[in-house]
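The data block below is entry18.cif; it holds mmCIF, N, CA and C atoms.
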```cif
data_coords
loop_
_atom_site.label_atom_id
_atom_site.label_comp_id
_atom_site.auth_asym_id
_atom_site.auth_seq_id
_atom_site.Cartn_x
_atom_site.Cartn_y
_atom_site.Cartn_z
N MET A 1 90.53 85.69 115.34
CA MET A 1 91.23 86.88 114.86
C MET A 1 92.32 86.50 113.86
N ILE A 2 93.14 85.49 114.21
CA ILE A 2 94.23 85.11 113.32
C ILE A 2 93.69 84.57 112.01
N TRP A 3 92.64 83.73 112.09
CA TRP A 3 92.09 83.17 110.85
C TRP A 3 91.47 84.26 109.98
N GLY A 4 90.96 85.30 110.61
CA GLY A 4 90.43 86.42 109.85
C GLY A 4 91.53 87.13 109.07
N LEU A 5 92.69 87.29 109.68
CA LEU A 5 93.82 87.92 108.99
C LEU A 5 94.33 87.03 107.86
N VAL A 6 94.37 85.72 108.10
CA VAL A 6 94.80 84.80 107.05
C VAL A 6 93.81 84.83 105.89
N PHE A 7 92.52 84.87 106.20
CA PHE A 7 91.51 84.96 105.15
C PHE A 7 91.63 86.28 104.39
N ALA A 8 91.88 87.37 105.10
CA ALA A 8 92.07 88.67 104.45
C ALA A 8 93.28 88.63 103.51
N ALA A 9 94.34 87.96 103.93
CA ALA A 9 95.52 87.82 103.07
C ALA A 9 95.17 86.99 101.84
N PHE A 10 94.37 85.94 102.02
CA PHE A 10 93.95 85.13 100.89
C PHE A 10 93.15 85.96 99.89
N VAL A 11 92.20 86.73 100.39
CA VAL A 11 91.37 87.56 99.50
C VAL A 11 92.22 88.60 98.78
N ALA A 12 93.15 89.22 99.50
CA ALA A 12 94.04 90.19 98.86
C ALA A 12 94.92 89.52 97.81
N GLY A 13 95.37 88.30 98.09
CA GLY A 13 96.18 87.56 97.12
C GLY A 13 95.38 87.21 95.87
N VAL A 14 94.12 86.85 96.07
CA VAL A 14 93.26 86.58 94.91
C VAL A 14 93.14 87.84 94.06
N GLY A 15 92.97 88.98 94.71
CA GLY A 15 92.91 90.24 93.97
C GLY A 15 94.20 90.54 93.23
N ALA A 16 95.33 90.29 93.87
CA ALA A 16 96.62 90.51 93.21
C ALA A 16 96.78 89.56 92.03
N GLY A 17 96.35 88.32 92.18
CA GLY A 17 96.43 87.36 91.07
C GLY A 17 95.55 87.77 89.90
N LEU A 18 94.36 88.25 90.19
CA LEU A 18 93.49 88.72 89.12
C LEU A 18 94.07 89.94 88.42
N LEU A 19 94.67 90.84 89.20
CA LEU A 19 95.28 92.03 88.62
C LEU A 19 96.43 91.66 87.69
N THR A 20 97.31 90.79 88.13
CA THR A 20 98.44 90.41 87.28
C THR A 20 97.98 89.64 86.05
N SER A 21 96.94 88.83 86.18
CA SER A 21 96.39 88.13 85.01
C SER A 21 95.83 89.13 84.00
N PHE A 22 95.15 90.16 84.51
CA PHE A 22 94.61 91.20 83.65
C PHE A 22 95.74 91.95 82.93
N VAL A 23 96.82 92.23 83.65
CA VAL A 23 97.97 92.91 83.04
C VAL A 23 98.53 92.08 81.89
N LEU A 24 98.63 90.78 82.08
CA LEU A 24 99.17 89.92 81.02
C LEU A 24 98.26 89.84 79.81
N VAL A 25 96.96 89.93 80.02
CA VAL A 25 96.02 89.90 78.90
C VAL A 25 96.07 91.21 78.12
N ARG A 26 96.22 92.33 78.82
CA ARG A 26 96.18 93.65 78.19
C ARG A 26 97.55 94.15 77.75
N ALA A 27 98.59 93.36 77.89
CA ALA A 27 99.94 93.79 77.56
C ALA A 27 100.09 94.00 76.05
N ARG A 28 101.12 94.73 75.68
CA ARG A 28 101.42 94.98 74.27
C ARG A 28 101.61 93.66 73.52
N SER A 29 102.33 92.75 74.13
CA SER A 29 102.49 91.40 73.60
C SER A 29 101.81 90.46 74.59
N PRO A 30 100.51 90.18 74.37
CA PRO A 30 99.73 89.48 75.38
C PRO A 30 100.26 88.07 75.67
N ALA A 31 100.13 87.69 76.91
CA ALA A 31 100.47 86.33 77.34
C ALA A 31 99.39 85.89 78.33
N PRO A 32 98.18 85.62 77.82
CA PRO A 32 97.09 85.29 78.73
C PRO A 32 97.37 84.02 79.52
N VAL A 33 97.01 84.06 80.78
CA VAL A 33 97.16 82.91 81.67
C VAL A 33 95.79 82.63 82.29
N PRO A 34 95.57 81.42 82.78
CA PRO A 34 94.28 81.12 83.41
C PRO A 34 94.09 81.95 84.69
N ALA A 35 93.24 82.93 84.62
CA ALA A 35 93.08 83.89 85.72
C ALA A 35 92.64 83.22 87.01
N ALA A 36 91.73 82.27 86.94
CA ALA A 36 91.25 81.62 88.16
C ALA A 36 92.37 80.85 88.86
N SER A 37 93.18 80.15 88.10
CA SER A 37 94.28 79.38 88.69
C SER A 37 95.33 80.30 89.30
N VAL A 38 95.67 81.36 88.58
CA VAL A 38 96.67 82.31 89.08
C VAL A 38 96.14 82.99 90.34
N ALA A 39 94.87 83.39 90.33
CA ALA A 39 94.29 84.06 91.50
C ALA A 39 94.25 83.12 92.70
N ALA A 40 93.84 81.88 92.47
CA ALA A 40 93.76 80.92 93.58
C ALA A 40 95.15 80.62 94.15
N ALA A 41 96.12 80.39 93.28
CA ALA A 41 97.48 80.08 93.75
C ALA A 41 98.09 81.26 94.50
N THR A 42 97.90 82.46 93.97
CA THR A 42 98.41 83.65 94.65
C THR A 42 97.73 83.83 96.00
N GLY A 43 96.43 83.62 96.06
CA GLY A 43 95.71 83.73 97.32
C GLY A 43 96.20 82.73 98.36
N VAL A 44 96.41 81.49 97.94
CA VAL A 44 96.91 80.47 98.87
C VAL A 44 98.30 80.84 99.37
N LEU A 45 99.17 81.28 98.46
CA LEU A 45 100.52 81.65 98.88
C LEU A 45 100.53 82.86 99.80
N TRP A 46 99.67 83.84 99.54
CA TRP A 46 99.59 84.99 100.43
C TRP A 46 99.07 84.57 101.80
N ALA A 47 98.13 83.62 101.83
CA ALA A 47 97.65 83.11 103.12
C ALA A 47 98.77 82.38 103.86
N LEU A 48 99.61 81.64 103.14
CA LEU A 48 100.75 80.97 103.77
C LEU A 48 101.77 81.98 104.30
N VAL A 49 102.01 83.03 103.54
CA VAL A 49 102.92 84.09 104.01
C VAL A 49 102.36 84.73 105.28
N ALA A 50 101.07 85.00 105.30
CA ALA A 50 100.45 85.60 106.49
C ALA A 50 100.53 84.64 107.67
N THR A 51 100.32 83.36 107.43
CA THR A 51 100.42 82.37 108.50
C THR A 51 101.82 82.32 109.06
N ARG A 52 102.80 82.35 108.16
CA ARG A 52 104.20 82.33 108.61
C ARG A 52 104.51 83.57 109.45
N ARG A 53 104.04 84.72 109.02
CA ARG A 53 104.27 85.96 109.77
C ARG A 53 103.57 85.92 111.13
N LEU A 54 102.31 85.48 111.15
CA LEU A 54 101.55 85.47 112.39
C LEU A 54 102.06 84.43 113.39
N SER A 55 102.74 83.40 112.89
CA SER A 55 103.30 82.39 113.79
C SER A 55 104.67 82.80 114.32
N GLY A 56 105.15 83.96 113.90
CA GLY A 56 106.43 84.47 114.38
C GLY A 56 107.61 84.02 113.55
N GLY A 57 107.35 83.41 112.41
CA GLY A 57 108.43 82.92 111.56
C GLY A 57 109.18 84.03 110.83
N TRP A 58 108.50 85.11 110.53
CA TRP A 58 109.13 86.25 109.85
C TRP A 58 108.80 87.52 110.62
N PRO A 59 109.72 88.48 110.63
CA PRO A 59 109.39 89.78 111.24
C PRO A 59 108.45 90.55 110.31
N SER A 60 107.70 91.46 110.87
CA SER A 60 106.72 92.21 110.08
C SER A 60 107.37 93.08 109.01
N TRP A 61 108.59 93.55 109.25
CA TRP A 61 109.24 94.41 108.25
C TRP A 61 109.57 93.64 106.98
N TRP A 62 109.63 92.33 107.04
CA TRP A 62 109.98 91.52 105.87
C TRP A 62 108.76 91.20 105.00
N LEU A 63 107.56 91.39 105.49
CA LEU A 63 106.33 90.98 104.84
C LEU A 63 106.15 91.48 103.41
N PRO A 64 106.46 92.72 103.05
CA PRO A 64 106.24 93.15 101.66
C PRO A 64 107.05 92.36 100.63
N VAL A 65 108.20 91.87 101.01
CA VAL A 65 109.06 91.18 100.04
C VAL A 65 108.44 89.85 99.59
N PRO A 66 108.08 88.92 100.49
CA PRO A 66 107.49 87.67 99.99
C PRO A 66 106.13 87.87 99.33
N LEU A 67 105.37 88.88 99.77
CA LEU A 67 104.10 89.13 99.12
C LEU A 67 104.31 89.59 97.67
N LEU A 68 105.25 90.48 97.46
CA LEU A 68 105.54 90.95 96.10
C LEU A 68 106.10 89.82 95.24
N VAL A 69 107.01 89.05 95.80
CA VAL A 69 107.61 87.95 95.03
C VAL A 69 106.54 86.95 94.60
N THR A 70 105.65 86.58 95.50
CA THR A 70 104.61 85.62 95.12
C THR A 70 103.61 86.23 94.13
N ALA A 71 103.30 87.51 94.30
CA ALA A 71 102.36 88.15 93.37
C ALA A 71 102.91 88.18 91.95
N LEU A 72 104.21 88.27 91.81
CA LEU A 72 104.82 88.29 90.48
C LEU A 72 105.20 86.89 90.00
N ALA A 73 105.62 86.03 90.92
CA ALA A 73 106.12 84.72 90.51
C ALA A 73 105.01 83.81 89.98
N VAL A 74 103.85 83.82 90.58
CA VAL A 74 102.78 82.91 90.15
C VAL A 74 102.36 83.18 88.71
N PRO A 75 102.04 84.42 88.31
CA PRO A 75 101.68 84.62 86.91
C PRO A 75 102.86 84.42 85.96
N LEU A 76 104.07 84.72 86.42
CA LEU A 76 105.23 84.48 85.55
C LEU A 76 105.45 83.00 85.31
N VAL A 77 105.27 82.18 86.33
CA VAL A 77 105.38 80.73 86.15
C VAL A 77 104.29 80.24 85.20
N ALA A 78 103.07 80.74 85.37
CA ALA A 78 101.97 80.33 84.48
C ALA A 78 102.25 80.74 83.04
N ALA A 79 102.75 81.95 82.85
CA ALA A 79 103.07 82.41 81.49
C ALA A 79 104.22 81.60 80.89
N ASP A 80 105.20 81.28 81.70
CA ASP A 80 106.33 80.50 81.21
C ASP A 80 105.88 79.10 80.80
N LEU A 81 105.05 78.48 81.61
CA LEU A 81 104.56 77.14 81.28
C LEU A 81 103.67 77.14 80.04
N ARG A 82 102.88 78.18 79.89
CA ARG A 82 101.93 78.22 78.79
C ARG A 82 102.53 78.75 77.48
N HIS A 83 103.38 79.79 77.58
CA HIS A 83 103.87 80.46 76.38
C HIS A 83 105.37 80.31 76.16
N ARG A 84 106.06 79.70 77.11
CA ARG A 84 107.51 79.50 77.03
C ARG A 84 108.27 80.81 76.98
N ARG A 85 107.76 81.81 77.69
CA ARG A 85 108.45 83.10 77.79
C ARG A 85 107.97 83.84 79.02
N LEU A 86 108.80 84.77 79.46
CA LEU A 86 108.44 85.63 80.58
C LEU A 86 108.09 87.01 80.02
N PRO A 87 106.85 87.42 80.12
CA PRO A 87 106.42 88.68 79.51
C PRO A 87 107.01 89.90 80.19
N ASN A 88 107.43 90.85 79.37
CA ASN A 88 108.00 92.10 79.88
C ASN A 88 107.00 92.90 80.71
N ALA A 89 105.71 92.66 80.49
CA ALA A 89 104.70 93.41 81.23
C ALA A 89 104.81 93.20 82.74
N LEU A 90 105.39 92.08 83.15
CA LEU A 90 105.61 91.84 84.58
C LEU A 90 107.08 91.87 84.97
N THR A 91 107.96 91.43 84.08
CA THR A 91 109.37 91.36 84.48
C THR A 91 110.00 92.74 84.61
N LEU A 92 109.68 93.65 83.71
CA LEU A 92 110.29 94.98 83.78
C LEU A 92 109.85 95.77 85.01
N PRO A 93 108.56 95.81 85.35
CA PRO A 93 108.18 96.51 86.57
C PRO A 93 108.63 95.79 87.85
N ALA A 94 108.98 94.52 87.73
CA ALA A 94 109.39 93.77 88.92
C ALA A 94 110.69 94.30 89.50
N TYR A 95 111.60 94.77 88.67
CA TYR A 95 112.89 95.26 89.17
C TYR A 95 112.74 96.46 90.10
N PRO A 96 112.10 97.54 89.67
CA PRO A 96 111.96 98.66 90.61
C PRO A 96 111.04 98.33 91.78
N ALA A 97 110.01 97.52 91.55
CA ALA A 97 109.10 97.16 92.65
C ALA A 97 109.84 96.36 93.72
N LEU A 98 110.66 95.42 93.30
CA LEU A 98 111.42 94.64 94.28
C LEU A 98 112.46 95.51 94.97
N GLY A 99 113.06 96.44 94.22
CA GLY A 99 114.00 97.37 94.84
C GLY A 99 113.32 98.21 95.92
N LEU A 100 112.11 98.69 95.64
CA LEU A 100 111.37 99.47 96.63
C LEU A 100 110.98 98.62 97.85
N ALA A 101 110.55 97.39 97.60
CA ALA A 101 110.17 96.52 98.72
C ALA A 101 111.38 96.20 99.59
N LEU A 102 112.51 95.93 98.97
CA LEU A 102 113.72 95.64 99.74
C LEU A 102 114.21 96.87 100.50
N THR A 103 114.10 98.04 99.87
CA THR A 103 114.49 99.28 100.55
C THR A 103 113.60 99.55 101.75
N ALA A 104 112.30 99.36 101.57
CA ALA A 104 111.36 99.56 102.69
C ALA A 104 111.66 98.57 103.82
N ALA A 105 111.94 97.32 103.45
CA ALA A 105 112.25 96.31 104.47
C ALA A 105 113.54 96.65 105.20
N ALA A 106 114.53 97.11 104.46
CA ALA A 106 115.82 97.45 105.08
C ALA A 106 115.67 98.65 106.02
N ARG A 107 114.90 99.64 105.61
CA ARG A 107 114.71 100.82 106.46
C ARG A 107 113.93 100.48 107.73
N ALA A 108 112.95 99.60 107.60
CA ALA A 108 112.13 99.25 108.75
C ALA A 108 112.79 98.19 109.62
N GLY A 109 113.72 97.45 109.05
CA GLY A 109 114.34 96.35 109.77
C GLY A 109 115.80 96.58 110.10
N PRO A 110 116.66 95.72 109.58
CA PRO A 110 118.06 95.70 110.01
C PRO A 110 118.94 96.81 109.46
N GLY A 111 118.51 97.54 108.48
CA GLY A 111 119.32 98.64 107.97
C GLY A 111 119.89 98.40 106.59
N ALA A 112 120.77 99.30 106.18
CA ALA A 112 121.30 99.29 104.81
C ALA A 112 122.13 98.04 104.51
N GLY A 113 122.71 97.44 105.52
CA GLY A 113 123.49 96.24 105.27
C GLY A 113 122.68 95.14 104.61
N MET A 114 121.43 94.99 105.05
CA MET A 114 120.55 93.98 104.44
C MET A 114 120.27 94.32 102.98
N LEU A 115 120.08 95.59 102.69
CA LEU A 115 119.81 96.00 101.32
C LEU A 115 121.01 95.73 100.43
N LEU A 116 122.20 96.00 100.92
CA LEU A 116 123.40 95.72 100.13
C LEU A 116 123.59 94.23 99.90
N ARG A 117 123.30 93.42 100.89
CA ARG A 117 123.42 91.98 100.71
C ARG A 117 122.37 91.44 99.74
N ALA A 118 121.20 92.05 99.74
CA ALA A 118 120.13 91.59 98.84
C ALA A 118 120.47 91.95 97.42
#
```

Starting from the file, lay out its structure as structure tokens.
Amino acid sequence: MIWGLVFAAFVAGVGAGLLTSFVLVRARSPAPVPAASVAAATGVLWALVATRRLSGGWPSWWLPVPLLVTALAVPLVAADLRHRRLPNALTLPAYPALGLALTAAARAGPGAGMLLRA
């Protein structure tokens, strides 16, 4: 059962990596990155996040935050290494998305104090 959830997280991470790679290719100022590498790295990191959660290392309310951060960080690192810039196609939507993820985590978890500290 646990390995099935980890595998599901891996597959979802691969999908997120492919999606972000597609966004970078179709952006107004394109910054194509190797889609297979980004998808594989995102999938592995999502599987690690799921493993950490399932082993009791993180509470479930915190899960959206590391998943979002890894989904955005992997293609941004790839774009930075390849093009020496961080494309606005991912950095600009990252601010409200991270704000929403942190707000959801704060509401489900410790409360507004965590959101203010973040």

Between atom N of Leu24 (chain A) and atom N of Ala97 (chain A), what is the distance in Å, rounded to a tenth?
16.3 Å

My list of candidates is A:Ala40, A:Leu68, A:Ala47, A:Ala89. Which is closest to Arg28 (chain A) when distances are computed with only N, CA and C atoms?
A:Ala89

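Nearest to Arg52 (chain A) of all the residues A:Ala79, A:Ala118, A:Pro64, A:Val6 is A:Val6, counting only C-alpha atoms.
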
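Taking CA of Gly17 (chain A) and CA of Pro59 (chain A) as the two end points, the separation is 24.1 Å.
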
Suppose a student applies the PyMOL selection byres ((chain A and resi 32) around 8) to this structure; what residues should they get, written as an MDAnalysis selection string?
chainID A and resid 21:27 29:31 33:35 78:79 82:83

Hey, what's within 7 Å of Val74 (chain A) if we count all atoms listed in the file and toss same-chain stuff fewer than 3 positions away? As a list in words, please?
Val38, Ala41, Thr42, Val69, Thr70, Ala71, Val77, Ala78 and Ala79 of chain A

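Here CA of Gly43 (chain A) stands at a distance of 24.6 Å from CA of Thr103 (chain A).
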
Can you tell me, as a ChimeraX atom specification, which residues sit within 6 Å of (113.3, 89.5, 110.8) in the file's frame, using only N, CA and C atoms?
/A:58-60,62

Store the residues picked out above in a file with N, CA and C atoms, as a PDB file, in the frame of the given file.
```pdb
ATOM      1  N   TRP A  58     108.500  85.110 110.530  1.00  0.00           N
ATOM      2  CA  TRP A  58     109.130  86.250 109.850  1.00  0.00           C
ATOM      3  C   TRP A  58     108.800  87.520 110.620  1.00  0.00           C
ATOM      4  N   PRO A  59     109.720  88.480 110.630  1.00  0.00           N
ATOM      5  CA  PRO A  59     109.390  89.780 111.240  1.00  0.00           C
ATOM      6  C   PRO A  59     108.450  90.550 110.310  1.00  0.00           C
ATOM      7  N   SER A  60     107.700  91.460 110.870  1.00  0.00           N
ATOM      8  CA  SER A  60     106.720  92.210 110.080  1.00  0.00           C
ATOM      9  C   SER A  60     107.370  93.080 109.010  1.00  0.00           C
ATOM     10  N   TRP A  62     109.630  92.330 107.040  1.00  0.00           N
ATOM     11  CA  TRP A  62     109.980  91.520 105.870  1.00  0.00           C
ATOM     12  C   TRP A  62     108.760  91.200 105.000  1.00  0.00           C
TER      13      TRP A  62
END
```

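The residue that comes closest to Leu100 (chain A), out of A:Leu5, A:Ala39, A:Val65, A:Leu86 and on the basis of all atoms listed in the file, is A:Val65.
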
Per DSSP on the backbone, filter chain A down to the residues in alpha helix (DSSP H) and report them as a ChimeraX atom specification.
/A:2-26,35-54,64-83,88-108,112-117

Pick out the closest residue to Met114 (chain A) from this set: A:Pro66, A:Leu18, A:Trp46, A:Trp61. Count only C-alpha atoms.
A:Trp61

Could you spell out the hits of the PyMOL selection byres (((chain A and resi 2 and name CA) around 12) and name CA) on the shown file, as a count of residues only?
15

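Proximity of A:Thr20, A:Val49, A:Ala101, A:Gly113 to Ala73 (chain A), computed with only C-alpha atoms, is greatest for A:Thr20.
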
What are the centre and the three edge lengths of an axis-aligned box that wraps all atoms of region 77-84 of chain A in the file, given that 6 Å is added to every side, written as lines of an AutoDock Vina configuration file and rounded to one decimal in Å?
```
center_x = 105.1
center_y = 79.8
center_z = 81.2
size_x = 18.3
size_y = 17.3
size_z = 22.2
```
